[in-house]
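Chemist: Could you have a look at this structure, given as structure tokens, before my questions?
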Amino acid sequence: MTARSTNPSRGTSTGVRREPFGTTGDGRLVERFTLTSVSGVTIAVLSFGGVIQSILVPDRAGALADVTLGYDTLPEYEKDKSYLGALVGRYANRIRAGRFSLDGRDYTLAQNAGGNHLHGGMRGFNKAVWSVEPFEESGDVGLVLQHVSPDGDEGYPGTLTSRVTYRLTARGELVIDFFATTDTPTPVNLTQHAYFNLAGSGSGDILGHVLELNASRFTPVDATLIPTGELRSVRGSPFDFSTPEVVGARIGADDEQLRLAGGYDHNFVLDRGAAADLTLAARLTDPVSGRGVDIHTTEPGMQFYTGNFLDGTVMGKGGIPHRYRSGLALETQHFPNSPNETAFPSTILRPGEEHRSRTIYHFVVRD
Ligand code: BGC
């Protein structure tokens, strides 16, 4: 399959539209920002949770579909428990029992997922109203989002100042940069939690999508989805996506790891050698429409989650329920539970350092 950037002649304008989106239950004003680029890709972002609400992408014939799961209204985002499209922090994925020790001190975090800490706790960065400033720069359009998490937030030490930029380029790339600084040592693991359905949100499940992951190992989990500490080869198992595979082809296989997670919900160890720079993490394709997304990142890992906890009870955009496996997430990240695993790449940020991480979603059309 050859890939090309989305049709550059399709869009006519580049810009950022800013409009009110609503007021939260506790009186915070929320805005929506719509980024339009000449690539034909259009992305809507909310100041609530830094949520990517929609991503319009053309198919082979130029027909647009919204390829990400979400909601139409703010109250639905306030209730959301699936982190649809949101920025996740301070720590993406799980920390065992919500406990860790750092520099000889023990910390206890909010336990919001079966006794573990998940995605920053009860009120993570996905529920914060971020301050947002739009920018336009040499054909790119984007937003700078900022959020200050106070000392003790969800149990974490130190005041953490986070900045995230979303930049949409003329080639249809969404470049996401994460920055953070702290006044006290603390774990940090920020990610974007978009769920993709490249056939279009609400159109069915993602089992027919084709996925390639640049990972020869993954981190197997225990029954509570905490990594055991092992880095296991994917070879010969349903976790081998080192060449393109249909997502649903082996998801029902008789495999202990698939059983424990109810499908794919695992961190993959990206093959990057020693390089700390951008590396290909994943290529995802809907073979029917030709829509694709290529993901590059500076992160060491990627959580591949097939929407196993979506159960059709929560309505999404257009009143269509978020059904079982109707979207999949590819979250670039450090490994889950790293504060308790000294052999995993460190997630500890110290005063005077800057946390920096980049992920690029390149929306493409494949022939
Ligand atoms: C996690 C899942 C979790 C989902 C939504 C994913 O990143 O890996 O276990 O259910 O987010 O909360």
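Letters for chains follow the order of the structure tokens (A, B, ...), residue numbers begin at 1 for each chain, and ligand numbers begin at 1 in the order shown.
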What does the list of residues within 9 Å of ligand 1 look like if you count only C-alpha atoms and all ligand atoms, written as a PDB file with N, CA and C atoms, in the first residue's frame?
Modeler:
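result_20.pdb, freshly written:
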ATOM      1  N   LYS A  81     -15.973   8.453  31.547  1.00  0.00           N
ATOM      2  CA  LYS A  81     -15.030   7.623  32.305  1.00  0.00           C
ATOM      3  C   LYS A  81     -14.083   6.866  31.377  1.00  0.00           C
ATOM      4  N   SER A  82     -14.167   7.156  30.078  1.00  0.00           N
ATOM      5  CA  SER A  82     -13.348   6.419  29.108  1.00  0.00           C
ATOM      6  C   SER A  82     -12.203   7.263  28.553  1.00  0.00           C
ATOM      7  N   TYR A  83     -12.055   8.485  29.039  1.00  0.00           N
ATOM      8  CA  TYR A  83     -10.949   9.377  28.640  1.00  0.00           C
ATOM      9  C   TYR A  83     -10.975   9.649  27.135  1.00  0.00           C
ATOM     10  N   LEU A  84     -12.171   9.743  26.563  1.00  0.00           N
ATOM     11  CA  LEU A  84     -12.296   9.903  25.114  1.00  0.00           C
ATOM     12  C   LEU A  84     -11.613  11.192  24.647  1.00  0.00           C
ATOM     13  N   ALA A  92      -0.188   8.616  32.832  1.00  0.00           N
ATOM     14  CA  ALA A  92      -0.984   7.768  31.945  1.00  0.00           C
ATOM     15  C   ALA A  92      -0.876   6.311  32.380  1.00  0.00           C
ATOM     16  N   ASN A  93      -2.009   5.624  32.390  1.00  0.00           N
ATOM     17  CA  ASN A  93      -2.143   4.224  32.781  1.00  0.00           C
ATOM     18  C   ASN A  93      -1.925   4.020  34.292  1.00  0.00           C
ATOM     19  N   ARG A  94      -1.598   2.771  34.673  1.00  0.00           N
ATOM     20  CA  ARG A  94      -1.763   2.368  36.072  1.00  0.00           C
ATOM     21  C   ARG A  94      -0.492   2.433  36.901  1.00  0.00           C
ATOM     22  N   ALA A 113      -9.166   2.578  40.105  1.00  0.00           N
ATOM     23  CA  ALA A 113      -9.368   1.478  39.145  1.00  0.00           C
ATOM     24  C   ALA A 113      -9.043   0.162  39.832  1.00  0.00           C
ATOM     25  N   LEU A 118      -5.252   4.989  38.126  1.00  0.00           N
ATOM     26  CA  LEU A 118      -5.338   4.988  36.655  1.00  0.00           C
ATOM     27  C   LEU A 118      -5.459   6.404  36.122  1.00  0.00           C
ATOM     28  N   HIS A 119      -4.619   6.733  35.130  1.00  0.00           N
ATOM     29  CA  HIS A 119      -4.759   7.968  34.351  1.00  0.00           C
ATOM     30  C   HIS A 119      -4.895   9.220  35.224  1.00  0.00           C
ATOM     31  N   HIS A 193      -5.327  10.608  24.660  1.00  0.00           N
ATOM     32  CA  HIS A 193      -6.131   9.386  24.715  1.00  0.00           C
ATOM     33  C   HIS A 193      -7.233   9.358  23.644  1.00  0.00           C
ATOM     34  N   LEU A 225      -4.163  -5.723  35.527  1.00  0.00           N
ATOM     35  CA  LEU A 225      -3.596  -4.967  34.402  1.00  0.00           C
ATOM     36  C   LEU A 225      -2.345  -4.170  34.763  1.00  0.00           C
ATOM     37  N   ALA A 261      -6.965  -9.246  29.914  1.00  0.00           N
ATOM     38  CA  ALA A 261      -7.332  -7.866  29.583  1.00  0.00           C
ATOM     39  C   ALA A 261      -8.641  -7.770  28.801  1.00  0.00           C
ATOM     40  N   TYR A 264      -6.946  -6.624  23.600  1.00  0.00           N
ATOM     41  CA  TYR A 264      -5.667  -5.920  23.712  1.00  0.00           C
ATOM     42  C   TYR A 264      -5.826  -4.726  24.646  1.00  0.00           C
ATOM     43  N   ASP A 265      -5.001  -4.658  25.649  1.00  0.00           N
ATOM     44  CA  ASP A 265      -4.925  -3.507  26.558  1.00  0.00           C
ATOM     45  C   ASP A 265      -3.541  -3.563  27.196  1.00  0.00           C
ATOM     46  N   HIS A 266      -2.536  -3.422  26.340  1.00  0.00           N
ATOM     47  CA  HIS A 266      -1.160  -3.698  26.737  1.00  0.00           C
ATOM     48  C   HIS A 266      -0.205  -2.624  26.233  1.00  0.00           C
ATOM     49  N   ASN A 267       0.872  -2.484  26.988  1.00  0.00           N
ATOM     50  CA  ASN A 267       1.943  -1.571  26.607  1.00  0.00           C
ATOM     51  C   ASN A 267       2.961  -2.312  25.744  1.00  0.00           C
ATOM     52  N   GLN A 303       0.519   2.167  24.512  1.00  0.00           N
ATOM     53  CA  GLN A 303      -0.590   1.340  24.973  1.00  0.00           C
ATOM     54  C   GLN A 303      -1.533   1.122  23.802  1.00  0.00           C
ATOM     55  N   PHE A 304      -1.753  -0.147  23.472  1.00  0.00           N
ATOM     56  CA  PHE A 304      -2.717  -0.497  22.423  1.00  0.00           C
ATOM     57  C   PHE A 304      -3.932  -1.059  23.135  1.00  0.00           C
ATOM     58  N   TYR A 305      -5.054  -0.335  23.026  1.00  0.00           N
ATOM     59  CA  TYR A 305      -6.278  -0.665  23.777  1.00  0.00           C
ATOM     60  C   TYR A 305      -7.437  -0.749  22.792  1.00  0.00           C
ATOM     61  N   THR A 306      -8.128  -1.881  22.760  1.00  0.00           N
ATOM     62  CA  THR A 306      -9.158  -2.104  21.742  1.00  0.00           C
ATOM     63  C   THR A 306     -10.581  -1.786  22.221  1.00  0.00           C
ATOM     64  N   GLY A 307     -10.692  -0.881  23.200  1.00  0.00           N
ATOM     65  CA  GLY A 307     -12.036  -0.449  23.616  1.00  0.00           C
ATOM     66  C   GLY A 307     -12.843  -1.574  24.233  1.00  0.00           C
ATOM     67  N   ASN A 308     -12.152  -2.457  24.994  1.00  0.00           N
ATOM     68  CA  ASN A 308     -12.824  -3.623  25.583  1.00  0.00           C
ATOM     69  C   ASN A 308     -13.808  -3.247  26.685  1.00  0.00           C
ATOM     70  N   PHE A 309     -13.623  -2.048  27.270  1.00  0.00           N
ATOM     71  CA  PHE A 309     -14.530  -1.618  28.342  1.00  0.00           C
ATOM     72  C   PHE A 309     -15.692  -0.777  27.800  1.00  0.00           C
ATOM     73  N   LEU A 310     -15.697  -0.465  26.514  1.00  0.00           N
ATOM     74  CA  LEU A 310     -16.859   0.234  25.945  1.00  0.00           C
ATOM     75  C   LEU A 310     -17.978  -0.807  25.840  1.00  0.00           C
ATOM     76  N   ALA A 329      -7.450   2.793  20.974  1.00  0.00           N
ATOM     77  CA  ALA A 329      -6.516   3.847  21.379  1.00  0.00           C
ATOM     78  C   ALA A 329      -5.086   3.363  21.182  1.00  0.00           C
ATOM     79  N   LEU A 330      -4.232   4.278  20.761  1.00  0.00           N
ATOM     80  CA  LEU A 330      -2.803   4.021  20.607  1.00  0.00           C
ATOM     81  C   LEU A 330      -2.106   5.148  21.362  1.00  0.00           C
ATOM     82  N   GLU A 331      -1.813   4.896  22.646  1.00  0.00           N
ATOM     83  CA  GLU A 331      -1.354   5.960  23.536  1.00  0.00           C
ATOM     84  C   GLU A 331       0.152   5.874  23.722  1.00  0.00           C
ATOM     85  N   PRO A 336       3.485   1.569  32.029  1.00  0.00           N
ATOM     86  CA  PRO A 336       2.672   1.621  33.253  1.00  0.00           C
ATOM     87  C   PRO A 336       3.486   1.175  34.469  1.00  0.00           C
TER      88      PRO A 336
END
Chemist: Could you pull the residues within 9 Å of Thr186 of chain A, counting only C-alpha atoms, minus those fewer than 5 positions along the same chain, as an mmCIF file with N, CA and C atoms, in the first residue's frame?
Modeler:
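Okay, selection_21.cif is ready:
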data_model
loop_
_atom_site.group_PDB
_atom_site.id
_atom_site.type_symbol
_atom_site.label_atom_id
_atom_site.label_comp_id
_atom_site.auth_asym_id
_atom_site.auth_seq_id
_atom_site.Cartn_x
_atom_site.Cartn_y
_atom_site.Cartn_z
ATOM 1 N N LEU A 102 9.682 7.508 46.647
ATOM 2 C CA LEU A 102 10.603 8.360 45.879
ATOM 3 C C LEU A 102 11.497 9.107 46.868
ATOM 4 N N TYR A 156 -0.135 13.402 44.425
ATOM 5 C CA TYR A 156 1.205 13.595 43.839
ATOM 6 C C TYR A 156 1.958 14.740 44.524
ATOM 7 N N PRO A 157 3.262 14.585 44.695
ATOM 8 C CA PRO A 157 4.064 15.662 45.282
ATOM 9 C C PRO A 157 4.361 16.776 44.276
ATOM 10 N N GLY A 158 4.448 17.991 44.778
ATOM 11 C CA GLY A 158 4.957 19.110 43.984
ATOM 12 C C GLY A 158 3.924 19.759 43.086
ATOM 13 N N LEU A 160 3.078 20.902 39.562
ATOM 14 C CA LEU A 160 3.510 20.495 38.221
ATOM 15 C C LEU A 160 2.860 21.422 37.196
ATOM 16 N N THR A 347 10.324 7.686 35.019
ATOM 17 C CA THR A 347 9.319 8.724 34.774
ATOM 18 C C THR A 347 9.454 9.865 35.787
ATOM 19 N N ILE A 348 10.551 9.861 36.530
ATOM 20 C CA ILE A 348 10.687 10.874 37.589
ATOM 21 C C ILE A 348 11.230 12.181 37.022
ATOM 22 N N LEU A 349 10.501 13.248 37.284
ATOM 23 C CA LEU A 349 10.916 14.597 36.883
ATOM 24 C C LEU A 349 11.375 15.335 38.133
ATOM 25 N N ARG A 350 12.515 16.028 38.002
ATOM 26 C CA ARG A 350 13.070 16.742 39.161
ATOM 27 C C ARG A 350 13.113 18.242 38.897
#
Chemist: Near His209 of chain A, counting only C-alpha atoms, which residues have an atom at most 7 Å away, once you skip same-chain residues fewer than 4 positions from it, shown as a list in words?
Modeler: Val246, Val247, Leu284, Thr285, Asp286 and Pro287 of chain A
Chemist: Any idea what's packed within 12 Å of Gly236 of chain A, counting only C-alpha atoms, ignoring anything in its chain fewer than 3 positions away? Could you give it as an MDAnalysis selection string?
Modeler: chainID A and resid 216:217 232:233 239:242 250 255
Chemist: Next, write the just-selected residues to a file, as a JSON list (two decimals), in the first residue's frame, keeping N, CA, C and O atoms as the atom set.
Modeler:
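Generated file (part-v1.json):
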[["chain", "number", "residue", "atom", "x", "y", "z"],
["A", 216, "SER", "N", 8.94, -5.33, 19.15],
["A", 216, "SER", "CA", 9.17, -6.78, 19.22],
["A", 216, "SER", "C", 8.96, -7.31, 20.63],
["A", 216, "SER", "O", 9.08, -8.51, 20.85],
["A", 217, "ARG", "N", 8.63, -6.41, 21.58],
["A", 217, "ARG", "CA", 8.32, -6.88, 22.94],
["A", 217, "ARG", "C", 7.12, -6.09, 23.48],
["A", 217, "ARG", "O", 6.83, -5.00, 23.03],
["A", 232, "ARG", "N", 8.35, -9.18, 27.30],
["A", 232, "ARG", "CA", 8.18, -10.47, 26.62],
["A", 232, "ARG", "C", 8.18, -10.30, 25.10],
["A", 232, "ARG", "O", 7.55, -9.38, 24.58],
["A", 233, "SER", "N", 8.85, -11.21, 24.43],
["A", 233, "SER", "CA", 8.85, -11.18, 22.96],
["A", 233, "SER", "C", 7.43, -11.40, 22.43],
["A", 233, "SER", "O", 6.68, -12.22, 22.97],
["A", 239, "PHE", "N", 0.30, -11.00, 19.85],
["A", 239, "PHE", "CA", 0.81, -9.65, 20.09],
["A", 239, "PHE", "C", 1.82, -9.22, 19.03],
["A", 239, "PHE", "O", 2.37, -8.12, 19.10],
["A", 240, "ASP", "N", 2.05, -10.09, 18.06],
["A", 240, "ASP", "CA", 3.01, -9.74, 17.01],
["A", 240, "ASP", "C", 2.32, -8.96, 15.90],
["A", 240, "ASP", "O", 1.60, -9.51, 15.08],
["A", 241, "PHE", "N", 2.54, -7.64, 15.92],
["A", 241, "PHE", "CA", 2.05, -6.75, 14.86],
["A", 241, "PHE", "C", 3.24, -6.14, 14.12],
["A", 241, "PHE", "O", 3.15, -5.04, 13.60],
["A", 242, "SER", "N", 4.37, -6.85, 14.12],
["A", 242, "SER", "CA", 5.57, -6.28, 13.49],
["A", 242, "SER", "C", 5.42, -6.23, 11.98],
["A", 242, "SER", "O", 6.14, -5.50, 11.30],
["A", 250, "ARG", "N", -6.77, -12.17, 15.66],
["A", 250, "ARG", "CA", -6.33, -13.08, 16.73],
["A", 250, "ARG", "C", -6.83, -12.65, 18.10],
["A", 250, "ARG", "O", -6.42, -13.20, 19.12],
["A", 255, "ASP", "N", -5.35, -17.20, 24.64],
["A", 255, "ASP", "CA", -4.09, -16.61, 25.09],
["A", 255, "ASP", "C", -4.33, -15.97, 26.45],
["A", 255, "ASP", "O", -5.27, -15.18, 26.62]]
Chemist: Provide the atom CA of Val51 of chain A to atom CA of Val314 of chain A distance in Å, to one decimal place.
Modeler: 17.5 Å
Chemist: Which residues, written as a PyMOL selection string, have at least one atom at most 12 Å from Gly318 of chain A, with only C-alpha atoms counted and residues fewer than 5 positions away on the same chain left out?
Modeler: chain A and resi 66+69-73+201-203
Chemist: Between atom CA of Thr184 of chain A and atom CA of Ser338 of chain A, what is the distance, to one decimal in Å?
Modeler: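 Between these atoms lies a distance of 18.0 Å.
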Chemist: Taking a cut-off of 9 Å and counting only C-alpha atoms, can you build a table that, for each residue of segment 112-229 of chain A near segment 59-65 of chain A, reports the nearest atom pair and how far apart they are in Å (one decimal), sorted by chain then residue number, as JSON lines?
Modeler:
{"residue": "A:Leu198", "atom": "CA", "partner": "A:Ala65", "partner_atom": "CA", "distance": 7.8}
{"residue": "A:Ala199", "atom": "CA", "partner": "A:Ala65", "partner_atom": "CA", "distance": 7.2}
{"residue": "A:Gly200", "atom": "CA", "partner": "A:Ala65", "partner_atom": "CA", "distance": 5.1}
{"residue": "A:Ser201", "atom": "CA", "partner": "A:Ala65", "partner_atom": "CA", "distance": 7.7}
Chemist: Quick one: of A:Val210, A:Ala223, A:Leu168, A:Met122, who's nearest to Pro134 of chain A, counting only C-alpha atoms?
Modeler: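 Ranking A:Val210, A:Ala223, A:Leu168, A:Met122 by distance to Pro134 of chain A, first place goes to A:Leu168.
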